[in-house]
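Pasted below: run.cif, mmCIF, C-alpha atoms.
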data_coords
#
loop_
_atom_site.label_atom_id
_atom_site.label_comp_id
_atom_site.auth_asym_id
_atom_site.auth_seq_id
_atom_site.Cartn_x
_atom_site.Cartn_y
_atom_site.Cartn_z
CA MET A 1 33.18 -3.00 20.13
CA GLN A 2 36.51 -2.45 21.96
CA ARG A 3 38.42 -3.58 18.86
CA LEU A 4 36.32 -1.26 16.68
CA ALA A 5 36.94 1.70 19.00
CA MET A 6 40.69 0.99 18.99
CA ASP A 7 40.74 0.77 15.20
CA LEU A 8 38.84 4.04 14.90
CA ARG A 9 41.24 5.83 17.26
CA MET A 10 44.22 4.58 15.26
CA LEU A 11 42.57 5.62 12.00
CA SER A 12 41.75 9.07 13.37
CA ARG A 13 45.32 9.57 14.60
CA GLU A 14 46.79 8.51 11.24
CA LEU A 15 44.26 10.70 9.43
CA SER A 16 45.22 13.72 11.56
CA LEU A 17 48.90 13.25 10.81
CA TYR A 18 48.16 12.81 7.11
CA LEU A 19 46.00 15.93 6.92
CA GLU A 20 48.55 17.97 8.90
CA HIS A 21 51.23 17.03 6.38
CA GLN A 22 48.99 17.67 3.38
CA ILE A 23 47.82 21.07 4.59
CA ARG A 24 51.40 22.09 5.45
CA VAL A 25 52.62 21.32 1.94
CA GLY A 26 49.42 21.60 -0.01
CA PHE A 27 49.17 25.35 -0.08
CA PHE A 28 52.57 25.45 -1.71
CA GLY A 29 51.82 22.58 -4.03
CA SER A 30 48.54 21.02 -5.03
CA GLY A 31 45.88 18.57 -3.90
CA VAL A 32 44.89 20.19 -0.58
CA GLY A 33 41.24 20.31 -1.60
CA LEU A 34 41.19 16.65 -2.52
CA SER A 35 42.95 15.78 0.71
CA LEU A 36 40.39 17.67 2.78
CA ILE A 37 37.51 16.00 0.97
CA LEU A 38 39.11 12.60 1.43
CA GLY A 39 39.73 13.31 5.07
CA PHE A 40 36.20 14.49 5.69
CA SER A 41 34.80 11.44 3.89
CA VAL A 42 36.85 9.04 5.99
CA ALA A 43 35.92 10.85 9.19
CA TYR A 44 32.23 10.84 8.26
CA ALA A 45 32.37 7.15 7.39
CA CYS A 46 33.95 6.41 10.76
CA TYR A 47 31.27 8.41 12.55
CA TYR A 48 28.46 6.77 10.56
CA LEU A 49 29.68 3.23 11.18
CA SER A 50 30.34 3.81 14.89
CA SER A 51 27.37 6.00 15.84
CA ILE A 52 24.60 5.75 13.23
CA ALA A 53 24.52 2.21 11.87
CA LYS A 54 23.33 0.02 14.74
CA LYS A 55 21.45 -3.18 15.41
CA PRO A 56 17.88 -2.58 16.63
CA GLN A 57 16.91 -3.30 20.20
CA LEU A 58 14.69 -6.39 20.33
CA VAL A 59 12.37 -6.46 23.33
CA THR A 60 10.19 -9.53 23.83
CA GLY A 61 8.02 -10.80 26.64
CA GLY A 62 9.14 -14.38 26.21
CA GLU A 63 12.07 -16.45 25.03
CA SER A 64 9.91 -18.37 22.55
CA PHE A 65 8.96 -15.30 20.51
CA ASN A 66 12.53 -14.01 20.65
CA ARG A 67 13.93 -17.29 19.34
CA PHE A 68 11.22 -17.50 16.67
CA LEU A 69 12.10 -14.04 15.33
CA GLN A 70 15.83 -14.73 15.30
CA ASN A 71 15.25 -17.94 13.34
CA HIS A 72 12.60 -16.79 10.87
CA CYS A 73 12.73 -12.97 10.85
CA PRO A 74 16.48 -12.27 11.10
CA VAL A 75 16.15 -8.70 9.82
CA VAL A 76 15.15 -7.61 13.34
CA THR A 77 18.61 -8.57 14.63
CA GLU A 78 20.66 -7.22 11.72
CA THR A 79 22.38 -3.85 11.65
CA TYR A 80 20.17 -1.15 10.17
CA TYR A 81 22.11 1.18 7.86
CA PRO A 82 20.06 4.38 7.40
CA THR A 83 20.57 6.28 4.15
CA VAL A 84 24.04 7.72 4.65
CA TRP A 85 23.11 11.25 3.56
CA CYS A 86 19.73 11.32 5.29
CA TRP A 87 19.56 9.57 8.64
CA GLU A 88 18.11 12.33 10.84
CA SER A 89 14.51 11.79 12.01
CA ARG A 90 12.81 14.74 10.34
CA GLY A 91 14.75 14.26 7.12
CA GLN A 92 13.73 10.60 6.89
CA THR A 93 10.11 11.45 7.67
CA LEU A 94 9.83 14.27 5.16
CA LEU A 95 11.76 12.57 2.36
CA ARG A 96 10.09 9.16 2.35
CA PRO A 97 6.82 10.16 0.60
CA PHE A 98 8.72 11.91 -2.18
CA ILE A 99 11.65 9.58 -2.82
CA THR A 100 10.15 6.11 -2.51
CA SER A 101 8.51 4.62 -5.60
CA LYS A 102 4.81 3.88 -5.95
CA PRO A 103 4.41 0.38 -7.39
CA PRO A 104 1.33 0.09 -9.62
CA VAL A 105 -1.53 -1.78 -7.95
CA GLN A 106 -4.90 -2.60 -9.49
CA TYR A 107 -7.55 -2.61 -6.77
CA ARG A 108 -11.04 -4.04 -6.60
CA ASN A 109 -13.20 -1.77 -4.46
CA GLU A 110 -15.90 -3.02 -2.13
CA LEU A 111 -18.27 -0.95 -0.01
CA ILE A 112 -19.62 -2.69 3.08
CA LYS A 113 -22.42 -1.50 5.35
CA THR A 114 -22.06 -0.81 9.06
CA ALA A 115 -24.55 -1.25 11.89
CA ASP A 116 -25.22 2.50 12.13
CA GLY A 117 -26.10 2.78 8.43
CA GLY A 118 -22.69 3.97 7.29
CA GLN A 119 -20.31 2.41 4.78
CA ILE A 120 -16.65 1.45 4.68
CA SER A 121 -14.49 1.36 1.57
CA LEU A 122 -12.24 -1.68 1.17
CA ASP A 123 -9.64 -1.91 -1.60
CA TRP A 124 -8.78 -5.50 -2.49
CA PHE A 125 -5.70 -6.87 -4.18
CA ASP A 126 -6.85 -10.43 -4.84
CA ASN A 127 -3.61 -11.72 -6.37
CA ASP A 128 -5.49 -14.27 -8.46
CA ASN A 129 -2.26 -15.00 -10.35
CA SER A 130 -0.60 -16.33 -7.21
CA VAL A 131 1.57 -19.33 -8.03
CA CYS A 132 2.15 -20.42 -4.45
CA TYR A 133 -1.51 -20.23 -3.38
CA THR A 134 -3.71 -21.02 -6.37
CA ASP A 135 -6.70 -21.85 -4.17
CA GLY A 136 -8.24 -18.51 -3.25
CA SER A 137 -10.04 -19.95 -0.25
CA THR A 138 -6.74 -20.69 1.52
CA ARG A 139 -4.63 -17.84 0.14
CA PRO A 140 -3.09 -15.90 3.07
CA THR A 141 -4.84 -12.56 3.56
CA ILE A 142 -3.21 -9.40 4.92
CA LEU A 143 -5.41 -6.57 6.20
CA LEU A 144 -3.60 -3.22 5.87
CA LEU A 145 -4.46 -0.12 7.93
CA PRO A 146 -3.03 3.23 6.68
CA GLY A 147 -2.12 6.23 8.84
CA LEU A 148 -4.05 9.27 10.05
CA THR A 149 -5.27 10.66 6.72
CA GLY A 150 -3.87 7.85 4.56
CA THR A 151 -5.59 5.62 2.03
CA SER A 152 -4.74 2.65 -0.18
CA LYS A 153 -2.74 5.03 -2.39
CA GLU A 154 0.03 5.65 0.16
CA SER A 155 3.46 4.51 -1.01
CA TYR A 156 4.08 2.43 2.11
CA ILE A 157 0.79 0.58 1.53
CA LEU A 158 1.65 -0.01 -2.13
CA HIS A 159 5.04 -1.43 -1.13
CA MET A 160 3.44 -3.80 1.36
CA ILE A 161 1.08 -5.02 -1.34
CA HIS A 162 3.94 -5.45 -3.81
CA LEU A 163 5.87 -7.54 -1.29
CA SER A 164 2.75 -9.56 -0.44
CA GLU A 165 2.25 -10.21 -4.15
CA GLU A 166 5.75 -11.69 -4.31
CA LEU A 167 4.80 -14.03 -1.48
CA GLY A 168 1.55 -15.01 -3.18
CA TYR A 169 -0.70 -13.36 -0.60
CA ARG A 170 -3.97 -11.46 -0.90
CA CYS A 171 -4.29 -7.94 0.56
CA VAL A 172 -7.20 -5.76 1.56
CA VAL A 173 -6.85 -2.12 2.60
CA PHE A 174 -9.20 -0.70 5.23
CA ASN A 175 -9.89 2.93 4.29
CA ASN A 176 -11.32 4.91 7.19
CA ARG A 177 -14.72 6.44 6.65
CA GLY A 178 -14.85 9.46 4.37
CA VAL A 179 -11.20 9.58 3.27
CA ALA A 180 -11.15 7.45 0.10
CA GLY A 181 -13.70 9.36 -1.96
CA GLU A 182 -16.79 7.43 -0.90
CA ASN A 183 -19.89 9.24 0.36
CA LEU A 184 -20.34 9.62 4.10
CA LEU A 185 -23.81 8.23 4.84
CA THR A 186 -23.90 9.03 8.57
CA PRO A 187 -22.41 11.89 10.63
CA ARG A 188 -19.46 9.82 11.78
CA THR A 189 -15.82 9.58 10.71
CA TYR A 190 -13.13 7.66 12.62
CA CYS A 191 -10.68 7.72 15.51
CA CYS A 192 -8.03 5.34 16.83
CA ALA A 193 -9.92 4.68 20.08
CA ASN A 194 -13.15 3.42 18.50
CA THR A 195 -12.60 -0.05 17.05
CA GLU A 196 -16.15 -0.83 15.87
CA ASP A 197 -15.43 -0.29 12.17
CA LEU A 198 -12.27 -2.39 12.36
CA GLU A 199 -14.20 -5.18 14.09
CA THR A 200 -16.77 -5.03 11.27
CA VAL A 201 -14.04 -5.26 8.61
CA ILE A 202 -12.22 -8.15 10.31
CA HIS A 203 -15.46 -10.11 10.71
CA HIS A 204 -16.37 -9.45 7.05
CA VAL A 205 -12.99 -10.50 5.63
CA HIS A 206 -12.82 -13.61 7.81
CA SER A 207 -16.34 -14.63 6.80
CA LEU A 208 -15.28 -14.53 3.14
CA TYR A 209 -12.14 -16.63 3.63
CA PRO A 210 -12.50 -18.55 6.92
CA SER A 211 -9.85 -21.12 5.93
CA ALA A 212 -7.17 -18.61 4.90
CA PRO A 213 -4.37 -17.50 7.25
CA PHE A 214 -5.40 -13.99 8.31
CA LEU A 215 -2.94 -11.28 9.44
CA ALA A 216 -3.02 -7.50 9.82
CA ALA A 217 -0.51 -4.66 9.60
CA GLY A 218 -1.13 -1.09 10.75
CA VAL A 219 0.95 2.02 10.12
CA SER A 220 1.01 5.02 12.47
CA MET A 221 -2.62 5.69 13.49
CA GLY A 222 -3.64 2.48 11.73
CA GLY A 223 -1.29 0.64 14.07
CA MET A 224 -2.76 2.43 17.09
CA LEU A 225 -6.25 1.37 16.03
CA LEU A 226 -5.07 -2.21 15.48
CA LEU A 227 -3.40 -2.41 18.90
CA ASN A 228 -6.43 -0.94 20.64
CA TYR A 229 -8.61 -3.56 18.95
CA LEU A 230 -6.25 -6.39 19.93
CA GLY A 231 -6.03 -5.07 23.49
CA LYS A 232 -9.81 -5.02 23.81
CA ILE A 233 -10.53 -8.40 22.25
CA GLY A 234 -7.52 -10.37 23.52
CA PRO A 235 -7.06 -13.80 21.92
CA LYS A 236 -10.66 -13.95 20.63
CA THR A 237 -9.77 -12.63 17.17
CA PRO A 238 -9.61 -14.43 13.81
CA LEU A 239 -6.24 -12.77 13.22
CA MET A 240 -3.30 -15.12 13.71
CA ALA A 241 -0.72 -12.32 14.03
CA ALA A 242 -0.21 -8.61 13.49
CA ALA A 243 2.50 -6.02 12.88
CA THR A 244 2.56 -2.29 13.58
CA PHE A 245 4.90 0.43 12.35
CA SER A 246 5.65 3.86 13.83
CA VAL A 247 2.82 3.67 16.35
CA GLY A 248 2.17 6.56 18.73
CA TRP A 249 2.06 4.76 22.07
CA ASN A 250 0.96 7.61 24.31
CA THR A 251 -1.25 10.21 22.65
CA PHE A 252 -0.39 12.89 25.20
CA ALA A 253 3.35 12.45 24.59
CA CYS A 254 2.81 12.42 20.81
CA SER A 255 0.82 15.63 20.93
CA GLU A 256 3.35 17.36 23.17
CA SER A 257 6.21 16.42 20.86
CA LEU A 258 4.40 17.54 17.73
CA GLU A 259 3.60 20.90 19.31
CA LYS A 260 7.26 21.84 19.66
CA PRO A 261 7.84 24.80 17.29
CA LEU A 262 9.88 23.03 14.60
CA ASN A 263 7.73 19.90 14.63
CA TRP A 264 4.57 22.01 14.51
CA LEU A 265 5.93 23.87 11.49
CA LEU A 266 7.07 20.75 9.62
CA PHE A 267 4.31 18.26 10.50
CA ASN A 268 1.54 19.33 12.88
CA TYR A 269 0.05 22.23 10.99
CA TYR A 270 0.08 20.36 7.67
CA LEU A 271 -1.65 17.29 9.14
CA THR A 272 -4.21 19.55 10.80
CA THR A 273 -5.09 21.08 7.43
CA CYS A 274 -5.41 17.57 5.97
CA LEU A 275 -7.83 16.58 8.72
CA GLN A 276 -9.83 19.77 8.21
CA SER A 277 -9.99 19.17 4.48
CA SER A 278 -11.20 15.59 4.93
CA VAL A 279 -14.10 16.58 7.19
CA ASN A 280 -14.96 19.77 5.32
CA LYS A 281 -15.87 17.65 2.28
CA HIS A 282 -18.73 16.25 4.35
CA ARG A 283 -19.46 19.45 6.26
CA HIS A 284 -23.22 19.19 5.76
CA MET A 285 -23.25 15.93 7.74
CA PHE A 286 -21.82 17.50 10.91
CA VAL A 287 -23.28 20.98 11.23
CA LYS A 288 -26.09 19.90 13.60
CA GLN A 289 -23.73 18.48 16.25
CA ILE A 290 -20.41 20.26 15.70
CA ASP A 291 -19.34 23.89 15.26
CA MET A 292 -17.56 23.40 11.96
CA ASP A 293 -16.40 27.02 11.73
CA HIS A 294 -14.57 26.51 15.03
CA VAL A 295 -13.10 23.24 13.75
CA MET A 296 -11.75 24.93 10.63
CA LYS A 297 -9.86 27.44 12.77
CA ALA A 298 -7.87 24.75 14.58
CA LYS A 299 -4.09 25.22 14.33
CA SER A 300 -2.97 21.86 15.69
CA ILE A 301 -4.06 18.22 15.81
CA ARG A 302 -4.88 18.61 19.50
CA GLU A 303 -7.19 21.56 18.77
CA PHE A 304 -8.83 19.59 15.96
CA ASP A 305 -9.35 16.59 18.22
CA LYS A 306 -10.76 18.80 20.99
CA ARG A 307 -13.23 20.54 18.67
CA PHE A 308 -14.15 17.63 16.38
CA THR A 309 -12.99 14.08 17.18
CA SER A 310 -13.68 14.04 20.92
CA VAL A 311 -17.09 15.65 20.38
CA MET A 312 -18.08 13.25 17.60
CA PHE A 313 -17.28 10.17 19.67
CA GLY A 314 -18.89 11.44 22.86
CA TYR A 315 -15.87 12.06 25.07
CA ARG A 316 -16.35 14.52 27.90
CA THR A 317 -12.91 16.08 27.43
CA ILE A 318 -9.94 15.86 25.09
CA ASP A 319 -8.00 14.23 27.94
CA ASP A 320 -10.61 11.46 28.16
CA TYR A 321 -10.24 10.82 24.44
CA TYR A 322 -6.44 10.84 24.47
CA THR A 323 -6.38 8.46 27.42
CA ASP A 324 -8.67 6.02 25.62
CA ALA A 325 -6.73 6.37 22.36
CA SER A 326 -3.31 5.45 23.81
CA PRO A 327 -2.48 1.80 22.97
CA ASN A 328 0.15 1.49 25.70
CA ARG A 329 -2.73 1.01 28.17
CA ARG A 330 -3.90 -2.17 26.44
CA LEU A 331 -0.64 -3.78 25.36
CA ASN A 332 -0.65 -6.24 28.25
CA SER A 333 -3.98 -7.67 27.00
CA VAL A 334 -2.84 -8.48 23.45
CA GLY A 335 -3.43 -12.20 22.91
CA ILE A 336 -1.77 -12.97 19.54
CA PRO A 337 1.82 -12.51 18.29
CA VAL A 338 2.44 -8.84 17.48
CA LEU A 339 5.63 -7.25 16.19
CA CYS A 340 5.94 -3.47 16.68
CA LEU A 341 8.62 -1.49 14.83
CA ASN A 342 9.47 1.99 16.13
CA SER A 343 12.38 4.35 15.76
CA VAL A 344 13.50 5.97 18.99
CA ASP A 345 14.12 9.26 17.14
CA ASP A 346 10.51 9.44 15.86
CA VAL A 347 9.14 12.90 16.73
CA PHE A 348 5.59 11.54 16.38
CA SER A 349 6.23 8.90 19.05
CA PRO A 350 8.82 9.96 21.66
CA SER A 351 11.08 7.19 22.91
CA HIS A 352 10.25 7.80 26.58
CA ALA A 353 6.63 6.82 25.86
CA ILE A 354 7.45 3.43 24.30
CA PRO A 355 6.11 0.80 26.76
CA ILE A 356 9.24 -1.33 27.05
CA GLU A 357 8.49 -2.67 30.53
CA THR A 358 4.91 -3.55 29.60
CA ALA A 359 6.13 -5.41 26.50
CA LYS A 360 8.46 -7.48 28.67
CA GLN A 361 5.41 -8.76 30.58
CA ASN A 362 3.50 -10.06 27.53
CA PRO A 363 4.90 -13.15 25.73
CA ASN A 364 2.91 -12.22 22.61
CA VAL A 365 4.64 -8.86 22.07
CA ALA A 366 7.93 -7.98 20.39
CA LEU A 367 9.25 -4.43 20.11
CA VAL A 368 11.89 -3.70 17.47
CA LEU A 369 13.48 -0.34 18.23
CA THR A 370 15.91 1.27 15.79
CA SER A 371 18.10 4.23 16.72
CA TYR A 372 17.15 6.09 13.54
CA GLY A 373 14.38 5.92 10.97
CA GLY A 374 11.99 8.76 11.80
CA HIS A 375 8.25 8.32 11.34
CA ILE A 376 7.44 5.75 8.63
CA GLY A 377 10.87 6.50 7.19
CA PHE A 378 13.38 3.70 7.71
CA LEU A 379 15.15 4.65 4.47
CA GLU A 380 18.30 2.67 3.64
CA GLY A 381 20.71 2.50 0.74
CA ILE A 382 22.32 5.32 -1.24
CA TRP A 383 19.16 6.10 -3.22
CA PRO A 384 16.21 4.54 -1.32
CA ARG A 385 13.62 4.30 -4.05
CA GLN A 386 12.50 0.70 -3.72
CA CYS A 387 12.67 -1.04 -0.35
CA THR A 388 12.97 0.33 3.17
CA TYR A 389 13.94 -1.40 6.39
CA MET A 390 10.25 -1.26 7.37
CA ASP A 391 9.32 -3.10 4.17
CA ARG A 392 11.84 -5.85 4.90
CA VAL A 393 10.56 -6.29 8.45
CA PHE A 394 6.99 -6.52 7.15
CA LYS A 395 7.83 -9.12 4.51
CA GLN A 396 9.92 -11.35 6.73
CA PHE A 397 7.46 -11.25 9.62
CA VAL A 398 4.29 -12.06 7.67
CA GLN A 399 6.11 -14.81 5.78
CA ALA A 400 7.47 -16.21 9.05
CA MET A 401 4.01 -16.31 10.62
CA VAL A 402 2.32 -17.87 7.58
CA GLU A 403 4.98 -20.51 6.98
CA HIS A 404 6.29 -21.17 10.49
CA GLY A 405 3.67 -19.77 12.85
CA HIS A 406 2.75 -23.27 13.99
CA GLU A 407 6.17 -23.52 15.62
CA LEU A 408 5.43 -20.50 17.78
CA PHE A 409 1.98 -21.70 18.77
CA ASN A 410 3.37 -25.13 19.71
CA MET A 411 6.20 -23.76 21.86
#
Have the structure of the file written as structure tokens, please.
Amino acid sequence: MQRLAMDLRMLSRELSLYLEHQIRVGFFGSGVGLSLILGFSVAYACYYLSSIAKKPQLVTGGESFNRFLQNHCPVVTETYYPTVWCWESRGQTLLRPFITSKPPVQYRNELIKTADGGQISLDWFDNDNSVCYTDGSTRPTILLLPGLTGTSKESYILHMIHLSEELGYRCVVFNNRGVAGENLLTPRTYCCANTEDLETVIHHVHSLYPSAPFLAAGVSMGGMLLLNYLGKIGPKTPLMAAATFSVGWNTFACSESLEKPLNWLLFNYYLTTCLQSSVNKHRHMFVKQIDMDHVMKAKSIREFDKRFTSVMFGYRTIDDYYTDASPNRRLNSVGIPVLCLNSVDDVFSPSHAIPIETAKQNPNVALVLTSYGGHIGFLEGIWPRQCTYMDRVFKQFVQAMVEHGHELFNM
């Protein structure tokens, strides 16, 4: 780093002298515009390489997990180069849904019943053409959990499936109740604190393929739900490992950040309208227990949760719900290897709320913290259509656990 700083200072000094000469003579000759552009480009490149492109911070609760990741998931120790023209948090977050491709995926839908009489929609990618795992009974299975209002159609889910297909794995997407077009049979939706539906799905998938390696990956709220499940159940889960991406660790901190004026304008209000739209489709199911007119007037996620979510799941106050929904409270009880990728500039999950000290106390937990990346962004490359840093972390980690997980369990 000292050598790099010295080189940058020398380059800046030489660049200043060059530009001074060019500007002095350029107005009487030619090429001043080109010189300024060249100078700006060099200066920007220096700034990008010294201040933007950085290695992520790897926080683990044990040397064994740390060594395992360095050997079999090296992407978590490599420099992350955010898209050079779009590295700021909000830009990455807003751009990702529009710029990344949507690989075609042919799903097989399954509706499963729940104990309360409801139903859950699962979208399967069976990967029957897998060359590496021709026996379906032992084909590795990845359970995918989308974000707050997401479904199996989200681009980040499609990319995970595409990468899993390359590895020969099977995928199944857990769509939360009422969001994937299926009928709502009972007056109940979903929240990241209540893990009953996820427990039902995990039991169902495992019962179908008890001999197959079974992993899970959750994005944003899906990751919060997954961590809350793992924190409640400990090691008594059929999952062998899990990964989460852009999780909101402390729901109070997330809400406070998203209620800042610019973040409310760019993200909060839009997501609130999405939540309202999703429940309004099933309005007739809720009118006896919830004031739906009041719900539809909510202007923020917190107001929606206070008027709808906390009431539906029987919480006395919104604070009670947000306390129960925060996965940082349960991280110390996670009993299987879990990798958690967050960007410290994520406005949905403020860096001060990331439970670094708690993670250091659990040998099953690894936090990978990038300086940039936004919320489910992690764009890289000049034109980031295909693969993001998040995608690469996902692929390397699930492959490492399937192929080398025995090394970790035997350490």
Spatial neighbours of Tyr133 (chain A), max dist 8 Å, only C-alpha atoms, sep filter under 4 positions, as JSON, numbers by chain: {"A": [138, 139, 140, 168, 169]}
Between CA of Gly223 (chain A) and CA of Arg329 (chain A), measure the distance and give it in Å to one decimal. 14.2 Å
Using only C-alpha atoms, list the residues that have an atom at most 8 Å from (-5.3, -9.4, 28.4), coordinates as in the file, as a list in words.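 Nearby residues: Gly231, Lys232, Gly234, Arg330, Leu331, Asn332, Ser333, Val334 and Gly335 of chain A.
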With the PyMOL selection byres ((chain A and resi 145) around 7) as the selection, what would be picked from this file? Answer as a list in words, please.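 For this structure, the PyMOL selection byres ((chain A and resi 145) around 7) resolves to Leu143, Leu144, Pro146, Gly147, Val173, Phe174, Ala217, Gly218, Val219, Gly222 and Gly223 of chain A.
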Identify, on the basis of only C-alpha atoms, every residue whose closest approach to Phe252 (chain A) does not exceed 12 Å; exclude the query and any residue fewer than 5 positions from it along the same chain; express the result as a JSON list (two decimals) with C-alpha atoms, keeping the file's coordinate frame.
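Writing done, so here's selection_39.json:
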[["chain", "number", "residue", "atom", "x", "y", "z"],
["A", 257, "SER", "CA", 6.21, 16.42, 20.86],
["A", 258, "LEU", "CA", 4.40, 17.54, 17.73],
["A", 259, "GLU", "CA", 3.60, 20.90, 19.31],
["A", 301, "ILE", "CA", -4.06, 18.22, 15.81],
["A", 302, "ARG", "CA", -4.88, 18.61, 19.50],
["A", 305, "ASP", "CA", -9.35, 16.59, 18.22],
["A", 318, "ILE", "CA", -9.94, 15.86, 25.09],
["A", 319, "ASP", "CA", -8.00, 14.23, 27.94],
["A", 320, "ASP", "CA", -10.61, 11.46, 28.16],
["A", 321, "TYR", "CA", -10.24, 10.82, 24.44],
["A", 322, "TYR", "CA", -6.44, 10.84, 24.47],
["A", 323, "THR", "CA", -6.38, 8.46, 27.42],
["A", 324, "ASP", "CA", -8.67, 6.02, 25.62],
["A", 325, "ALA", "CA", -6.73, 6.37, 22.36],
["A", 326, "SER", "CA", -3.31, 5.45, 23.81],
["A", 327, "PRO", "CA", -2.48, 1.80, 22.97],
["A", 328, "ASN", "CA", 0.15, 1.49, 25.70],
["A", 348, "PHE", "CA", 5.59, 11.54, 16.38],
["A", 349, "SER", "CA", 6.23, 8.90, 19.05],
["A", 350, "PRO", "CA", 8.82, 9.96, 21.66],
["A", 352, "HIS", "CA", 10.25, 7.80, 26.58],
["A", 353, "ALA", "CA", 6.63, 6.82, 25.86]]
Contacts of region 139-198 of chain A with region 120-130 of chain A up to 10 Å, shortest pair per row, only C-alpha atoms, as a Markdown table:
| residue | atom | partner | partner_atom | distance |
| --- | --- | --- | --- | --- |
| A:Arg139 | CA | A:Ser130 | CA | 8.5 |
| A:Thr141 | CA | A:Asp126 | CA | 8.9 |
| A:Ile142 | CA | A:Phe125 | CA | 9.8 |
| A:Leu143 | CA | A:Trp124 | CA | 9.4 |
| A:Leu144 | CA | A:Asp123 | CA | 9.7 |
| A:Thr151 | CA | A:Asp123 | CA | 9.3 |
| A:Ser152 | CA | A:Asp123 | CA | 6.8 |
| A:Lys153 | CA | A:Asp123 | CA | 9.8 |
| A:Ile161 | CA | A:Phe125 | CA | 7.6 |
| A:His162 | CA | A:Phe125 | CA | 9.8 |
| A:Ser164 | CA | A:Asn127 | CA | 9.0 |
| A:Glu165 | CA | A:Asn127 | CA | 6.4 |
| A:Glu166 | CA | A:Ser130 | CA | 8.4 |
| A:Leu167 | CA | A:Ser130 | CA | 8.2 |
| A:Gly168 | CA | A:Ser130 | CA | 4.8 |
| A:Tyr169 | CA | A:Asn127 | CA | 6.7 |
| A:Arg170 | CA | A:Asp126 | CA | 5.0 |
| A:Cys171 | CA | A:Phe125 | CA | 5.1 |
| A:Val172 | CA | A:Trp124 | CA | 4.4 |
| A:Val173 | CA | A:Asp123 | CA | 5.0 |
| A:Phe174 | CA | A:Leu122 | CA | 5.2 |
| A:Asn175 | CA | A:Ser121 | CA | 5.6 |
| A:Asn176 | CA | A:Ile120 | CA | 6.8 |
| A:Arg177 | CA | A:Ile120 | CA | 5.7 |
| A:Gly178 | CA | A:Ile120 | CA | 8.2 |
| A:Val179 | CA | A:Ser121 | CA | 9.0 |
| A:Ala180 | CA | A:Ser121 | CA | 7.1 |
| A:Gly181 | CA | A:Ser121 | CA | 8.8 |
| A:Glu182 | CA | A:Ser121 | CA | 6.9 |
| A:Asn183 | CA | A:Ile120 | CA | 9.5 |
| A:Leu184 | CA | A:Ile120 | CA | 9.0 |
| A:Leu185 | CA | A:Ile120 | CA | 9.9 |
| A:Asp197 | CA | A:Ile120 | CA | 7.8 |
| A:Leu198 | CA | A:Ile120 | CA | 9.6 |
Create the file for the chosen residues now, containing C-alpha atoms and written as a PDB file, in the frame of the given file.
ATOM      1  CA  ARG A 139      -4.630 -17.840   0.140  1.00  0.00           C
ATOM      2  CA  THR A 141      -4.840 -12.560   3.560  1.00  0.00           C
ATOM      3  CA  ILE A 142      -3.210  -9.400   4.920  1.00  0.00           C
ATOM      4  CA  LEU A 143      -5.410  -6.570   6.200  1.00  0.00           C
ATOM      5  CA  LEU A 144      -3.600  -3.220   5.870  1.00  0.00           C
ATOM      6  CA  THR A 151      -5.590   5.620   2.030  1.00  0.00           C
ATOM      7  CA  SER A 152      -4.740   2.650  -0.180  1.00  0.00           C
ATOM      8  CA  LYS A 153      -2.740   5.030  -2.390  1.00  0.00           C
ATOM      9  CA  ILE A 161       1.080  -5.020  -1.340  1.00  0.00           C
ATOM     10  CA  HIS A 162       3.940  -5.450  -3.810  1.00  0.00           C
ATOM     11  CA  SER A 164       2.750  -9.560  -0.440  1.00  0.00           C
ATOM     12  CA  GLU A 165       2.250 -10.210  -4.150  1.00  0.00           C
ATOM     13  CA  GLU A 166       5.750 -11.690  -4.310  1.00  0.00           C
ATOM     14  CA  LEU A 167       4.800 -14.030  -1.480  1.00  0.00           C
ATOM     15  CA  GLY A 168       1.550 -15.010  -3.180  1.00  0.00           C
ATOM     16  CA  TYR A 169      -0.700 -13.360  -0.600  1.00  0.00           C
ATOM     17  CA  ARG A 170      -3.970 -11.460  -0.900  1.00  0.00           C
ATOM     18  CA  CYS A 171      -4.290  -7.940   0.560  1.00  0.00           C
ATOM     19  CA  VAL A 172      -7.200  -5.760   1.560  1.00  0.00           C
ATOM     20  CA  VAL A 173      -6.850  -2.120   2.600  1.00  0.00           C
ATOM     21  CA  PHE A 174      -9.200  -0.700   5.230  1.00  0.00           C
ATOM     22  CA  ASN A 175      -9.890   2.930   4.290  1.00  0.00           C
ATOM     23  CA  ASN A 176     -11.320   4.910   7.190  1.00  0.00           C
ATOM     24  CA  ARG A 177     -14.720   6.440   6.650  1.00  0.00           C
ATOM     25  CA  GLY A 178     -14.850   9.460   4.370  1.00  0.00           C
ATOM     26  CA  VAL A 179     -11.200   9.580   3.270  1.00  0.00           C
ATOM     27  CA  ALA A 180     -11.150   7.450   0.100  1.00  0.00           C
ATOM     28  CA  GLY A 181     -13.700   9.360  -1.960  1.00  0.00           C
ATOM     29  CA  GLU A 182     -16.790   7.430  -0.900  1.00  0.00           C
ATOM     30  CA  ASN A 183     -19.890   9.240   0.360  1.00  0.00           C
ATOM     31  CA  LEU A 184     -20.340   9.620   4.100  1.00  0.00           C
ATOM     32  CA  LEU A 185     -23.810   8.230   4.840  1.00  0.00           C
ATOM     33  CA  ASP A 197     -15.430  -0.290  12.170  1.00  0.00           C
ATOM     34  CA  LEU A 198     -12.270  -2.390  12.360  1.00  0.00           C
TER      35      LEU A 198
END
For CA of Ile37 (chain A) and CA of Pro384 (chain A), determine how far apart the two atoms are, in Å to one decimal place.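 Computing it gives 24.3 Å between the two atoms.
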Could you tell me, as a ChimeraX atom specification, exactly which residues end up selected when the PyMOL selection byres ((chain A and resi 395-398) around 9) is applied to this structure? /A:69,72-75,142,160,163-164,167,215-216,241-243,339,390-394,399-403
